[in-house]
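A.B. asks: Just one file: structure-v1.csv, with CSV, C-alpha atoms.
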```
chain,number,residue,atom,x,y,z
A,28,MET,CA,35.6,72.6,60.7
A,29,PRO,CA,37.9,75.6,61.3
A,30,ARG,CA,38.5,76.6,64.9
A,31,THR,CA,37.2,80.1,65.7
A,32,ARG,CA,37.8,82.2,68.8
A,33,SER,CA,34.3,81.5,70.1
A,34,SER,CA,34.7,77.7,69.6
A,35,ILE,CA,38.0,77.8,71.4
A,36,ALA,CA,36.4,79.7,74.3
A,37,ARG,CA,33.6,77.2,74.5
A,38,ALA,CA,36.1,74.3,74.6
A,39,ALA,CA,38.3,75.9,77.2
A,40,PRO,CA,38.2,74.5,80.8
A,41,LYS,CA,35.6,76.2,83.0
A,42,PRO,CA,36.7,75.5,86.6
A,43,HIS,CA,33.9,77.6,88.0
A,44,LYS,CA,31.4,74.9,86.8
A,45,LEU,CA,32.8,72.4,89.2
A,46,PRO,CA,30.6,71.4,92.2
A,47,THR,CA,30.9,73.9,95.0
A,48,ASP,CA,32.5,71.4,97.4
A,49,ILE,CA,35.2,70.5,94.9
A,50,LEU,CA,35.7,74.2,93.9
A,51,THR,CA,36.2,75.1,97.6
A,52,ARG,CA,39.0,72.6,97.8
A,53,VAL,CA,40.6,73.8,94.6
A,54,ALA,CA,40.3,77.4,95.7
A,55,ALA,CA,42.6,76.7,98.7
A,56,TYR,CA,45.4,76.3,96.2
A,57,ALA,CA,44.5,79.2,94.0
A,58,SER,CA,45.8,82.8,93.8
A,59,ASP,CA,43.2,85.2,95.0
A,60,ASP,CA,44.0,87.6,92.2
A,61,GLU,CA,43.6,84.9,89.6
A,62,LEU,CA,40.3,83.7,91.1
A,63,ALA,CA,39.0,87.3,91.2
A,64,ARG,CA,39.8,87.7,87.5
A,65,LEU,CA,38.0,84.4,86.8
A,66,ALA,CA,35.0,85.6,88.8
A,67,LEU,CA,34.8,88.8,86.8
A,68,SER,CA,35.2,87.2,83.5
A,69,SER,CA,31.5,86.3,83.0
A,70,LYS,CA,28.1,86.3,84.7
A,71,SER,CA,28.1,82.5,85.1
A,72,ALA,CA,31.6,82.6,86.7
A,73,LEU,CA,30.5,85.4,89.1
A,74,ALA,CA,27.4,83.5,90.1
A,75,ALA,CA,29.3,80.3,90.7
A,76,LEU,CA,32.1,81.9,92.7
A,77,ASP,CA,29.9,84.3,94.8
A,78,ASN,CA,30.2,81.9,97.7
A,79,GLN,CA,31.5,82.6,101.2
A,80,GLN,CA,33.1,79.2,101.7
A,81,ILE,CA,35.1,79.5,98.4
A,82,TRP,CA,36.5,82.9,99.3
A,83,ALA,CA,37.2,81.9,102.9
A,84,ALA,CA,39.4,79.1,101.5
A,85,VAL,CA,41.3,81.2,99.0
A,86,LEU,CA,41.9,84.1,101.4
A,87,ARG,CA,43.1,81.8,104.1
A,88,THR,CA,45.8,80.5,101.7
A,89,ASN,CA,46.8,83.9,100.3
A,90,HIS,CA,46.9,85.9,103.5
A,91,GLY,CA,48.8,83.9,106.1
A,92,GLY,CA,46.0,81.7,107.4
A,93,LEU,CA,43.5,84.6,107.7
A,94,VAL,CA,40.1,83.6,108.9
A,95,ILE,CA,37.6,86.1,107.5
A,96,ARG,CA,34.3,86.8,109.3
A,97,ALA,CA,30.9,86.7,107.6
A,98,GLU,CA,31.3,89.2,104.7
A,99,PRO,CA,28.5,90.6,102.5
A,100,SER,CA,30.7,89.6,99.5
A,101,GLY,CA,33.7,87.4,99.5
A,102,LEU,CA,34.9,89.0,96.3
A,103,GLN,CA,34.8,92.5,97.9
A,104,ALA,CA,36.7,91.2,100.9
A,105,ALA,CA,39.3,89.8,98.5
A,106,ALA,CA,39.6,93.1,96.7
A,107,ARG,CA,40.0,95.0,100.0
A,108,LEU,CA,42.7,92.7,101.2
A,109,ALA,CA,44.5,92.8,97.8
A,110,GLU,CA,44.6,96.6,98.0
A,111,ALA,CA,45.8,96.5,101.6
A,112,ARG,CA,48.6,94.1,100.6
A,113,LYS,CA,49.8,96.6,98.0
A,114,HIS,CA,50.4,99.1,100.7
A,115,LYS,CA,51.9,96.9,103.4
A,116,GLY,CA,54.2,98.6,105.8
A,117,PRO,CA,54.4,99.6,109.5
A,118,VAL,CA,51.4,98.4,111.4
A,119,TYR,CA,49.9,100.8,113.9
A,120,GLY,CA,47.2,100.1,116.5
A,121,CYS,CA,49.4,97.7,118.5
A,122,HIS,CA,48.5,98.2,122.2
A,123,ALA,CA,50.3,96.7,125.2
A,124,LEU,CA,48.1,94.3,127.2
A,125,ALA,CA,50.3,92.9,129.9
A,126,SER,CA,53.9,92.7,131.2
A,127,ASP,CA,55.4,90.3,133.8
A,128,VAL,CA,57.9,93.1,134.8
A,129,GLY,CA,57.3,96.6,135.9
A,130,SER,CA,59.0,99.7,134.5
A,131,TYR,CA,61.8,101.9,135.9
A,132,ASN,CA,59.8,105.1,135.2
A,133,SER,CA,56.2,104.1,135.3
A,134,ASP,CA,55.0,107.7,135.7
A,135,ALA,CA,55.9,108.3,132.0
A,136,TYR,CA,56.1,105.0,130.2
A,137,TRP,CA,55.3,101.4,130.8
A,138,ALA,CA,55.6,98.4,128.4
A,139,ASP,CA,53.3,100.3,126.0
A,140,ALA,CA,56.3,102.4,125.0
A,141,MET,CA,57.9,99.3,123.4
A,142,PHE,CA,55.0,98.8,121.0
A,143,GLN,CA,54.9,102.4,119.7
A,144,PRO,CA,57.3,103.6,117.0
A,145,GLU,CA,58.1,107.1,118.3
A,146,PRO,CA,61.8,107.2,118.9
A,147,TYR,CA,61.7,109.1,122.2
A,148,ARG,CA,59.5,106.4,123.8
A,149,VAL,CA,61.6,103.7,125.4
A,150,PHE,CA,60.7,100.9,127.8
A,151,TYR,CA,63.1,100.7,130.7
A,152,SER,CA,62.1,97.8,132.9
A,153,ALA,CA,62.4,97.7,136.7
A,154,LEU,CA,65.9,97.1,138.1
A,155,GLY,CA,66.7,93.4,138.8
A,156,ALA,CA,64.8,92.1,135.8
A,157,GLU,CA,67.1,90.0,133.5
A,158,ARG,CA,64.3,89.2,131.0
A,159,VAL,CA,60.8,90.5,130.2
A,160,LEU,CA,57.7,89.1,128.6
A,161,CYS,CA,55.0,91.5,127.3
A,162,ALA,CA,51.8,90.9,125.4
A,163,ALA,CA,50.1,93.3,122.9
A,164,THR,CA,47.0,93.2,120.7
A,165,PHE,CA,46.0,94.9,117.5
A,166,LEU,CA,43.0,97.3,117.7
A,167,THR,CA,41.2,99.5,115.3
A,168,GLY,CA,39.7,102.9,116.0
A,169,ASP,CA,42.8,104.9,116.8
A,170,VAL,CA,42.8,108.5,115.5
A,171,LEU,CA,46.2,108.8,114.0
A,172,ASP,CA,47.9,111.7,112.2
A,173,PRO,CA,48.1,110.8,108.5
A,174,ASP,CA,51.6,112.2,108.5
A,175,ARG,CA,52.7,110.1,111.5
A,176,GLN,CA,55.4,108.1,109.8
A,177,TRP,CA,56.8,111.1,108.0
A,178,MET,CA,57.0,113.1,111.3
A,179,ILE,CA,58.8,110.2,113.0
A,180,ASP,CA,61.2,109.9,110.0
A,181,THR,CA,61.8,113.7,110.1
A,182,LEU,CA,62.6,113.6,113.8
A,183,ARG,CA,65.1,110.8,113.3
A,184,GLU,CA,66.8,112.6,110.4
A,185,ALA,CA,67.2,115.8,112.4
A,186,HIS,CA,68.2,114.4,115.8
A,187,SER,CA,70.0,111.4,117.3
A,188,SER,CA,68.1,108.8,119.2
A,189,TYR,CA,70.2,109.7,122.3
A,190,TYR,CA,68.9,113.3,122.1
A,191,LEU,CA,65.3,112.3,121.6
A,192,GLU,CA,65.4,109.7,124.4
A,193,THR,CA,67.0,112.0,127.0
A,194,SER,CA,64.9,115.0,126.1
A,195,TYR,CA,61.5,113.4,126.4
A,196,GLU,CA,62.0,110.3,128.6
A,197,ASN,CA,60.0,111.8,131.4
A,198,LEU,CA,57.3,113.7,129.4
A,199,PRO,CA,54.1,112.0,128.3
A,200,ALA,CA,54.1,114.2,125.2
A,201,THR,CA,52.2,113.5,122.0
A,202,LEU,CA,54.1,113.2,118.7
A,203,ALA,CA,52.6,116.5,117.6
A,204,ASP,CA,53.9,118.2,120.7
A,205,VAL,CA,57.4,116.9,120.2
A,206,PHE,CA,57.4,117.8,116.5
A,207,LEU,CA,56.3,121.3,117.3
A,208,ARG,CA,58.9,121.7,120.0
A,209,GLU,CA,61.7,120.6,117.7
A,210,PHE,CA,60.7,122.4,114.5
A,211,GLY,CA,58.2,125.1,115.5
A,212,GLY,CA,60.7,128.0,115.6
A,213,HIS,CA,63.0,126.8,112.8
A,214,TRP,CA,61.4,128.5,109.7
A,215,ALA,CA,58.4,130.3,111.3
A,216,GLY,CA,59.4,133.7,109.9
A,217,ALA,CA,61.3,132.5,106.8
A,218,PRO,CA,59.8,133.6,103.4
A,219,GLU,CA,58.4,130.6,101.4
A,220,TYR,CA,60.7,131.2,98.5
A,221,MET,CA,63.8,130.6,100.7
A,222,LEU,CA,62.6,127.1,101.8
A,223,ASP,CA,62.9,123.8,99.9
A,224,ASP,CA,60.0,121.4,99.7
A,225,HIS,CA,60.9,119.5,102.8
A,226,GLU,CA,61.3,122.6,104.9
A,227,ARG,CA,58.1,124.1,103.5
A,228,ARG,CA,56.2,120.9,104.5
A,229,ILE,CA,57.7,121.1,108.0
A,230,LYS,CA,56.6,124.7,108.4
A,231,GLN,CA,53.1,123.9,107.2
A,232,LYS,CA,52.8,121.0,109.6
A,233,CYS,CA,53.9,123.1,112.5
A,234,ARG,CA,51.2,125.7,111.6
A,235,GLU,CA,48.6,122.9,111.5
A,236,ILE,CA,49.7,121.6,114.9
A,237,GLU,CA,49.5,125.1,116.4
A,238,ASP,CA,46.0,125.5,115.1
A,239,ARG,CA,45.0,122.1,116.5
A,240,PHE,CA,46.4,123.0,120.0
A,241,ALA,CA,44.7,126.4,119.8
A,242,ALA,CA,41.4,124.5,119.2
A,243,GLY,CA,41.9,122.4,122.3
A,244,GLU,CA,43.8,119.3,121.3
A,245,PRO,CA,45.8,118.0,124.3
A,246,ARG,CA,49.6,118.1,124.2
A,247,GLU,CA,49.8,115.0,126.4
A,248,ARG,CA,48.9,111.4,125.4
A,249,THR,CA,45.2,110.5,126.1
A,250,GLY,CA,42.9,107.6,125.5
A,251,LEU,CA,44.6,104.2,124.9
A,252,ASP,CA,47.8,106.2,124.0
A,253,ALA,CA,48.1,107.2,127.7
A,254,THR,CA,49.9,105.0,130.1
A,255,VAL,CA,47.5,103.1,132.4
A,256,PHE,CA,48.0,99.8,134.1
A,257,GLU,CA,47.3,97.9,137.3
A,258,GLU,CA,49.2,95.1,139.1
A,259,ARG,CA,47.4,91.8,139.5
A,260,ASP,CA,47.8,89.2,142.3
A,261,ASP,CA,50.1,87.1,140.2
A,262,GLY,CA,52.5,90.1,139.8
A,263,VAL,CA,51.6,90.6,136.1
A,264,GLU,CA,50.8,94.2,135.2
A,265,VAL,CA,47.8,94.7,132.9
A,266,ASP,CA,46.1,97.5,131.0
A,267,ALA,CA,42.5,96.7,131.8
A,268,ARG,CA,41.2,99.0,129.1
A,269,VAL,CA,43.0,97.0,126.4
A,270,GLU,CA,41.9,93.7,128.1
A,271,ALA,CA,38.3,94.7,127.8
A,272,LEU,CA,38.6,95.5,124.1
A,273,CYS,CA,40.3,92.2,123.2
A,274,GLY,CA,38.0,90.1,121.0
A,275,GLY,CA,35.4,92.9,120.6
A,276,ALA,CA,34.4,95.2,117.8
A,277,ARG,CA,37.7,96.9,117.7
A,278,GLN,CA,39.8,93.7,117.5
A,279,ALA,CA,41.9,93.6,114.3
A,280,THR,CA,43.7,90.9,112.5
A,281,VAL,CA,47.1,91.7,111.0
A,282,VAL,CA,48.8,89.8,108.2
A,283,ALA,CA,52.4,90.1,109.4
A,284,THR,CA,55.0,90.1,106.7
A,285,GLY,CA,58.0,91.1,108.7
A,286,ILE,CA,59.4,92.3,112.1
A,287,VAL,CA,61.2,95.4,113.2
A,288,ILE,CA,63.3,95.4,116.4
A,289,ARG,CA,65.0,98.6,117.6
A,290,ARG,CA,67.4,98.9,120.5
A,291,PRO,CA,67.7,102.2,122.4
A,292,SER,CA,70.7,104.5,122.2
A,293,GLY,CA,73.8,104.6,124.4
A,294,ASN,CA,71.6,106.3,127.0
A,295,ALA,CA,70.3,102.8,127.9
A,296,THR,CA,72.5,100.7,130.2
A,297,CYS,CA,71.0,97.3,129.2
A,298,PRO,CA,69.6,97.3,125.6
A,299,GLY,CA,67.8,94.1,124.6
A,300,ARG,CA,70.0,91.7,122.6
A,301,LEU,CA,68.1,88.4,122.2
A,302,PHE,CA,64.4,88.1,121.6
A,303,MET,CA,61.6,85.6,120.8
A,304,LEU,CA,58.3,86.6,119.3
A,305,PHE,CA,55.1,84.6,119.7
A,306,GLY,CA,52.1,85.1,117.4
A,307,CYS,CA,48.5,84.9,118.6
A,308,ARG,CA,45.8,83.6,116.3
A,309,ARG,CA,43.2,84.7,118.9
A,310,PRO,CA,43.3,87.8,121.1
A,311,PRO,CA,46.1,87.4,123.7
A,312,ARG,CA,45.4,87.1,127.4
A,313,ALA,CA,47.6,88.1,130.4
A,314,SER,CA,47.6,84.4,131.4
A,315,ASP,CA,49.4,83.5,128.1
A,316,LEU,CA,52.6,85.0,129.5
A,317,ALA,CA,53.4,82.0,131.7
A,318,GLY,CA,53.3,79.4,129.0
A,319,ALA,CA,55.3,81.6,126.6
A,320,ARG,CA,57.9,82.3,129.3
A,321,GLN,CA,58.4,78.5,129.8
A,322,LEU,CA,59.0,77.9,126.1
A,323,ALA,CA,61.2,81.0,125.5
A,324,VAL,CA,63.5,80.4,128.4
A,325,GLY,CA,63.8,76.7,127.5
A,326,ALA,CA,64.9,77.6,123.9
A,327,ALA,CA,67.1,80.7,124.9
A,328,SER,CA,70.5,78.9,124.7
A,329,ARG,CA,69.7,77.5,121.2
A,330,CYS,CA,68.6,80.9,120.0
A,331,ARG,CA,71.7,82.5,121.4
A,332,THR,CA,73.9,80.0,119.6
A,333,LEU,CA,72.2,80.6,116.3
A,334,VAL,CA,72.4,84.4,116.6
A,335,GLU,CA,76.1,84.2,117.3
A,336,ASN,CA,76.7,81.5,114.6
A,337,PRO,CA,73.8,81.7,112.1
A,338,CYS,CA,73.3,78.9,109.7
A,339,ARG,CA,72.1,79.3,106.1
A,340,GLY,CA,68.6,78.3,105.0
A,341,SER,CA,66.4,76.3,107.4
A,342,LEU,CA,66.8,74.0,110.4
A,343,GLY,CA,64.5,71.0,110.9
A,344,GLY,CA,64.3,67.7,112.7
A,345,CYS,CA,65.7,69.1,116.0
A,346,ARG,CA,64.4,68.1,119.4
A,347,TRP,CA,64.4,71.7,120.7
A,348,LEU,CA,62.1,72.7,117.7
A,349,ALA,CA,59.8,69.9,118.5
A,350,ASP,CA,59.7,71.0,122.2
A,351,LEU,CA,58.5,74.4,120.9
A,352,GLY,CA,55.8,72.8,118.8
A,353,VAL,CA,57.3,73.8,115.4
A,354,THR,CA,58.9,71.8,112.6
A,355,ARG,CA,61.4,74.3,111.1
A,356,ALA,CA,63.3,77.5,111.8
A,357,SER,CA,64.1,79.4,108.6
A,358,ARG,CA,66.7,82.2,108.5
A,359,LEU,CA,65.2,85.5,107.2
A,360,ARG,CA,66.6,88.1,104.9
A,361,SER,CA,67.4,91.2,107.0
A,362,ASN,CA,69.1,94.5,106.9
A,363,LEU,CA,72.0,93.3,109.0
A,364,GLU,CA,75.2,91.4,108.1
A,365,LYS,CA,75.6,88.0,109.9
A,366,THR,CA,78.4,89.6,111.9
A,367,GLU,CA,75.8,92.1,113.3
A,368,GLY,CA,72.7,90.0,113.9
A,369,CYS,CA,70.0,87.9,112.3
A,370,ALA,CA,66.4,86.6,112.6
A,371,PHE,CA,64.7,83.3,112.1
A,372,GLN,CA,61.0,82.4,111.5
A,373,PHE,CA,59.5,79.4,113.2
A,374,LEU,CA,57.2,77.3,110.9
A,375,GLY,CA,54.9,74.4,111.3
A,376,SER,CA,52.8,75.2,114.4
A,377,ASP,CA,49.0,75.2,114.4
A,378,GLU,CA,48.6,76.3,118.0
A,379,GLU,CA,46.6,79.4,118.9
A,380,ILE,CA,49.7,80.9,120.7
A,381,PHE,CA,52.8,79.8,118.8
A,382,PRO,CA,56.5,80.7,118.5
A,383,LEU,CA,56.7,83.0,115.5
A,384,ALA,CA,60.3,84.2,115.3
A,385,PHE,CA,63.5,84.8,117.2
A,386,GLY,CA,66.7,86.7,116.6
A,387,GLY,CA,68.9,89.3,118.0
A,388,PHE,CA,72.1,91.3,117.8
A,389,ARG,CA,75.7,90.0,118.2
A,390,ARG,CA,77.6,90.7,121.4
A,391,ASP,CA,79.7,93.9,121.8
A,392,LEU,CA,78.0,95.4,118.7
A,393,ASP,CA,78.6,99.1,117.7
A,394,ASP,CA,76.0,101.3,119.5
A,395,ARG,CA,75.1,102.8,116.1
A,396,ILE,CA,73.6,99.5,114.9
A,397,MET,CA,70.2,99.8,116.5
A,398,GLU,CA,67.7,98.2,114.1
A,399,LEU,CA,67.0,94.7,112.9
A,400,ARG,CA,64.4,94.5,110.1
A,401,ALA,CA,63.5,91.2,108.6
A,402,THR,CA,61.0,89.9,106.1
A,403,PHE,CA,59.0,86.7,106.9
A,404,ARG,CA,59.4,83.7,104.7
A,405,THR,CA,55.7,83.1,105.1
A,406,PRO,CA,53.1,85.8,106.1
A,407,VAL,CA,51.1,85.0,109.2
A,408,ALA,CA,47.7,86.3,110.2
A,409,ILE,CA,47.7,87.2,113.9
A,410,GLN,CA,45.6,89.2,116.4
A,411,GLY,CA,48.4,89.9,118.9
A,412,ILE,CA,52.0,89.3,119.8
A,413,ILE,CA,54.0,88.2,122.9
A,414,VAL,CA,57.5,89.5,123.0
A,415,ALA,CA,60.2,87.8,125.2
A,416,ILE,CA,63.4,89.8,125.7
A,417,LEU,CA,65.6,87.0,126.8
A,418,GLU,CA,69.0,88.6,127.1
A,419,VAL,CA,70.5,92.1,127.3
A,420,GLU,CA,73.8,93.8,126.5
A,421,ASN,CA,74.9,94.9,130.0
A,422,ARG,CA,76.9,98.1,129.5
A,423,ALA,CA,77.0,98.9,133.2
A,424,PRO,CA,77.8,95.7,135.1
A,425,PHE,CA,78.3,97.7,138.3
A,426,TRP,CA,74.6,98.5,138.4
A,427,ASP,CA,71.6,96.2,138.8
A,428,VAL,CA,70.6,94.7,135.4
A,429,ASN,CA,67.3,95.5,133.7
A,430,VAL,CA,65.9,95.4,130.2
A,431,ASP,CA,65.7,98.4,127.9
A,432,MET,CA,64.0,98.3,124.5
A,433,GLU,CA,62.8,101.0,122.1
A,434,TYR,CA,60.5,99.2,119.7
A,435,VAL,CA,59.2,95.8,118.8
A,436,GLY,CA,56.6,95.6,116.0
A,437,VAL,CA,55.5,93.9,112.8
A,438,GLU,CA,55.1,95.1,109.3
A,439,GLY,CA,52.2,94.0,107.1
A,440,TYR,CA,48.6,95.0,106.6
A,441,THR,CA,45.4,95.0,108.6
A,442,TYR,CA,42.1,93.1,108.1
A,443,ALA,CA,39.4,94.9,110.2
```
Please lay out the structure from this file as structure tokens.
C.D. replies:
Amino acid sequence: MPRTRSSIARAAPKPHKLPTDILTRVAAYASDDELARLALSSKSALAALDNQQIWAAVLRTNHGGLVIRAEPSGLQAAARLAEARKHKGPVYGCHALASDVGSYNSDAYWADAMFQPEPYRVFYSALGAERVLCAATFLTGDVLDPDRQWMIDTLREAHSSYYLETSYENLPATLADVFLREFGGHWAGAPEYMLDDHERRIKQKCREIEDRFAAGEPRERTGLDATVFEERDDGVEVDARVEALCGGARQATVVATGIVIRRPSGNATCPGRLFMLFGCRRPPRASDLAGARQLAVGAASRCRTLVENPCRGSLGGCRWLADLGVTRASRLRSNLEKTEGCAFQFLGSDEEIFPLAFGGFRRDLDDRIMELRATFRTPVAIQGIIVAILEVENRAPFWDVNVDMEYVGVEGYTYA
């Protein structure tokens, strides 16, 4: 009997006809894209795969251990996450929760400055602090300018970090206000035909901002973007507003695919040099800082050695890694040469608060090398981060030491 296309299709394996419990186990090893294509291939496949347990298993595997909530449709959640993954990039909505050290200029900025990407916002810790631990969580609901990243990039292209930091370090200005101050008068009266596309876009943006201010938009940061904190009895400073939102309706989970660390300009006397990053599989708490501090300080010397003399590939089977509760440390691809700095990802922990990465900049590095950007070997789903700045480059040893850092953040995409 000759083989026809229909007979071949009937004889082909049909994994969706497996029992649900077995299919759930198989799904944990499947690609979410491939499973989605199978689900949409026929009505019988869609009926068999329209199961919350199956999609929870496949999405956990494909999105860094992500635990999805009760969704009306697992397939729709998979489609939403697949689309978000295509547009992964800078993650906004990271809000400072707590810091174990105060700031040098708390009237303008606190630890919240370190988790926001605007180049003029820098965290200067209080004098006498040799290291800092800060916790932050990811929240939805922020009203952000859709052009935010372009505005930040435009400011960086037009001005040095030194200029931006020194010009706005004492002003709680919004990004829109800074952008208008810097570009509002540049091409205001210039005819359109004399401007290139980039200049025309800047001019149009400035007009839009002027209209927003005229309509009553504040020029100073408000809401969660404003600096508000209180000191607790244990000496830890906490933003109670963010604390109240942790774990609530605005809590977001981020699938982190990389990290970005930026040191401040030469205006800072003690830029951060060595860091460790902890991931939080649940919303972080202020009390988590103590445990993270103990682990980070204990591993600091090993981390310093690896930043100064980076190995290739991965490390495993080491006592110091076991003490951290991880099995391996894998060197990451980054934008820096090994003579400038590096980063490693910790792997193998199943704790709620776990060491995620460490890295830093080499000693006596050129001030112009300010950014470390690295891609994770394995994406990780987290609801917050704890940052430990363990060592600084002390450019002014005749003054009291402190910790200065422009930005610590993750890249990836958000599940909300």
A.B. asks: Please list as a list in words every residue within 9 Å of Ala140 of chain A, counting only C-alpha atoms and excluding residues in the same chain fewer than 2 positions away.
C.D. replies: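 Here the answer would be Ala123, Tyr136, Trp137, Ala138, Phe142, Gln143, Pro144, Glu145, Arg148, Val149, Phe150, Thr254, Met432, Glu433 and Tyr434 of chain A.
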A.B. asks: Point out the residue among A:Ala271, A:Leu124, A:Ala83, A:Ala63 with the least atom-to-atom distance to Ala106 of chain A, counting all atoms listed in the file.
C.D. replies: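 Of all the options, A:Ala63 lies closest to Ala106 of chain A.
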A.B. asks: Choose the residue, out of A:Glu335, A:Glu219, A:Asp60, A:Asp204, that has the smallest atom-to-atom separation from Thr88 of chain A; count only C-alpha atoms.
C.D. replies: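 Checking each candidate against Thr88 of chain A, we get A:Asp60 as the closest.
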A.B. asks: Tell me, as a PyMOL selection string, which residues lie within 12 Å of Pro218 of chain A, counting all atoms listed in the file; anything in the same chain fewer than 5 positions away does not count.
C.D. replies: chain A and resi 223+226-227+230
A.B. asks: Which of these residues is nearest to Val94 of chain A, using only C-alpha atoms: A:Ile409, A:Ala109, A:Ala276, A:Val118?
C.D. replies: A:Ile409
A.B. asks: Could you jot down the atom CA of Tyr56 of chain A to atom CA of Lys115 of chain A separation for me, Å, one decimal place?
C.D. replies: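 Between atom CA of Tyr56 of chain A and atom CA of Lys115 of chain A the gap works out to 22.8 Å.
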A.B. asks: So which one's closest to Leu363 of chain A, A:Thr402, A:Thr441, A:Thr332, A:Ser376? Using only C-alpha atoms, please.
C.D. replies: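 Result for the nearest residue to Leu363 of chain A: A:Thr402.
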A.B. asks: Env of segment 206-210 of chain A: 9 Å cut, atoms = all atoms listed in the file, seq-sep filter 2 positions within chain, self excluded. Answer as a list in words.
C.D. replies: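 Here the qualifying residues turn out to be Met178, Ile179, Thr181, Leu182, Thr201, Leu202, Ala203, Asp204, Gly212, His213, Trp214, Ala215, Ile229, Lys230, Lys232, Cys233, Arg234, Ile236 and Glu237 of chain A.
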A.B. asks: Take the residues that were just selected and, keeping C-alpha atoms, output them as an mmCIF file, keeping the file's coordinate frame.
C.D. replies:
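Listing of result_32.cif after writing:
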```cif
data_model
loop_
_atom_site.group_PDB
_atom_site.id
_atom_site.type_symbol
_atom_site.label_atom_id
_atom_site.label_comp_id
_atom_site.auth_asym_id
_atom_site.auth_seq_id
_atom_site.Cartn_x
_atom_site.Cartn_y
_atom_site.Cartn_z
ATOM 1 C CA MET A 178 57.000 113.100 111.300
ATOM 2 C CA ILE A 179 58.800 110.200 113.000
ATOM 3 C CA THR A 181 61.800 113.700 110.100
ATOM 4 C CA LEU A 182 62.600 113.600 113.800
ATOM 5 C CA THR A 201 52.200 113.500 122.000
ATOM 6 C CA LEU A 202 54.100 113.200 118.700
ATOM 7 C CA ALA A 203 52.600 116.500 117.600
ATOM 8 C CA ASP A 204 53.900 118.200 120.700
ATOM 9 C CA GLY A 212 60.700 128.000 115.600
ATOM 10 C CA HIS A 213 63.000 126.800 112.800
ATOM 11 C CA TRP A 214 61.400 128.500 109.700
ATOM 12 C CA ALA A 215 58.400 130.300 111.300
ATOM 13 C CA ILE A 229 57.700 121.100 108.000
ATOM 14 C CA LYS A 230 56.600 124.700 108.400
ATOM 15 C CA LYS A 232 52.800 121.000 109.600
ATOM 16 C CA CYS A 233 53.900 123.100 112.500
ATOM 17 C CA ARG A 234 51.200 125.700 111.600
ATOM 18 C CA ILE A 236 49.700 121.600 114.900
ATOM 19 C CA GLU A 237 49.500 125.100 116.400
#
```
A.B. asks: List the neighbours of Ser130 of chain A out to 6 Å using only C-alpha atoms; skip same-chain residues closer than 6 positions along the sequence, and give me the result as number ranges by chain.
C.D. replies: A: 137, 151-153
A.B. asks: Please, could you write that set of residues out with C-alpha atoms as a PDB file, keeping the file's coordinate frame?
C.D. replies:
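Contents of the output file out_34.pdb:
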```pdb
ATOM      1  CA  TRP A 137      55.300 101.400 130.800  1.00  0.00           C
ATOM      2  CA  TYR A 151      63.100 100.700 130.700  1.00  0.00           C
ATOM      3  CA  SER A 152      62.100  97.800 132.900  1.00  0.00           C
ATOM      4  CA  ALA A 153      62.400  97.700 136.700  1.00  0.00           C
TER       5      ALA A 153
END
```
A.B. asks: Counting only C-alpha atoms, find the residues whose atoms lie at most 7 Å from (57.6, 88.8, 122.5) (file coordinates) and write them out as a list in words.
C.D. replies: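 Those residues, ordered by chain and then number, are Leu160, Cys161, Ala162, Phe302, Met303, Leu304, Phe305, Ile412, Ile413, Val414, Ala415 and Ile416 of chain A.
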A.B. asks: Write out the residues from the selection above, keeping C-alpha atoms, as a compact mmCIF listing (two decimals), keeping the file's coordinate frame.
C.D. replies:
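Once everything was written out, this is part-v3.txt:
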```txt
# COMPACT_ATOMS: atom_id res chain seq x y z
CA LEU A 160 57.70 89.10 128.60
CA CYS A 161 55.00 91.50 127.30
CA ALA A 162 51.80 90.90 125.40
CA PHE A 302 64.40 88.10 121.60
CA MET A 303 61.60 85.60 120.80
CA LEU A 304 58.30 86.60 119.30
CA PHE A 305 55.10 84.60 119.70
CA ILE A 412 52.00 89.30 119.80
CA ILE A 413 54.00 88.20 122.90
CA VAL A 414 57.50 89.50 123.00
CA ALA A 415 60.20 87.80 125.20
CA ILE A 416 63.40 89.80 125.70
```
A.B. asks: Report the distance between atom CA of Glu157 of chain A and atom CA of Asp127 of chain A in Å, rounded to one decimal place.
C.D. replies: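 The value is 11.7 Å.
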A.B. asks: Given only C-alpha atoms as the basis, pick out the residue of A:Gly411, A:Gly120, A:Gly129, A:Gly101 nearest to Asn429 of chain A.
C.D. replies: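 Closest candidate: A:Gly129.
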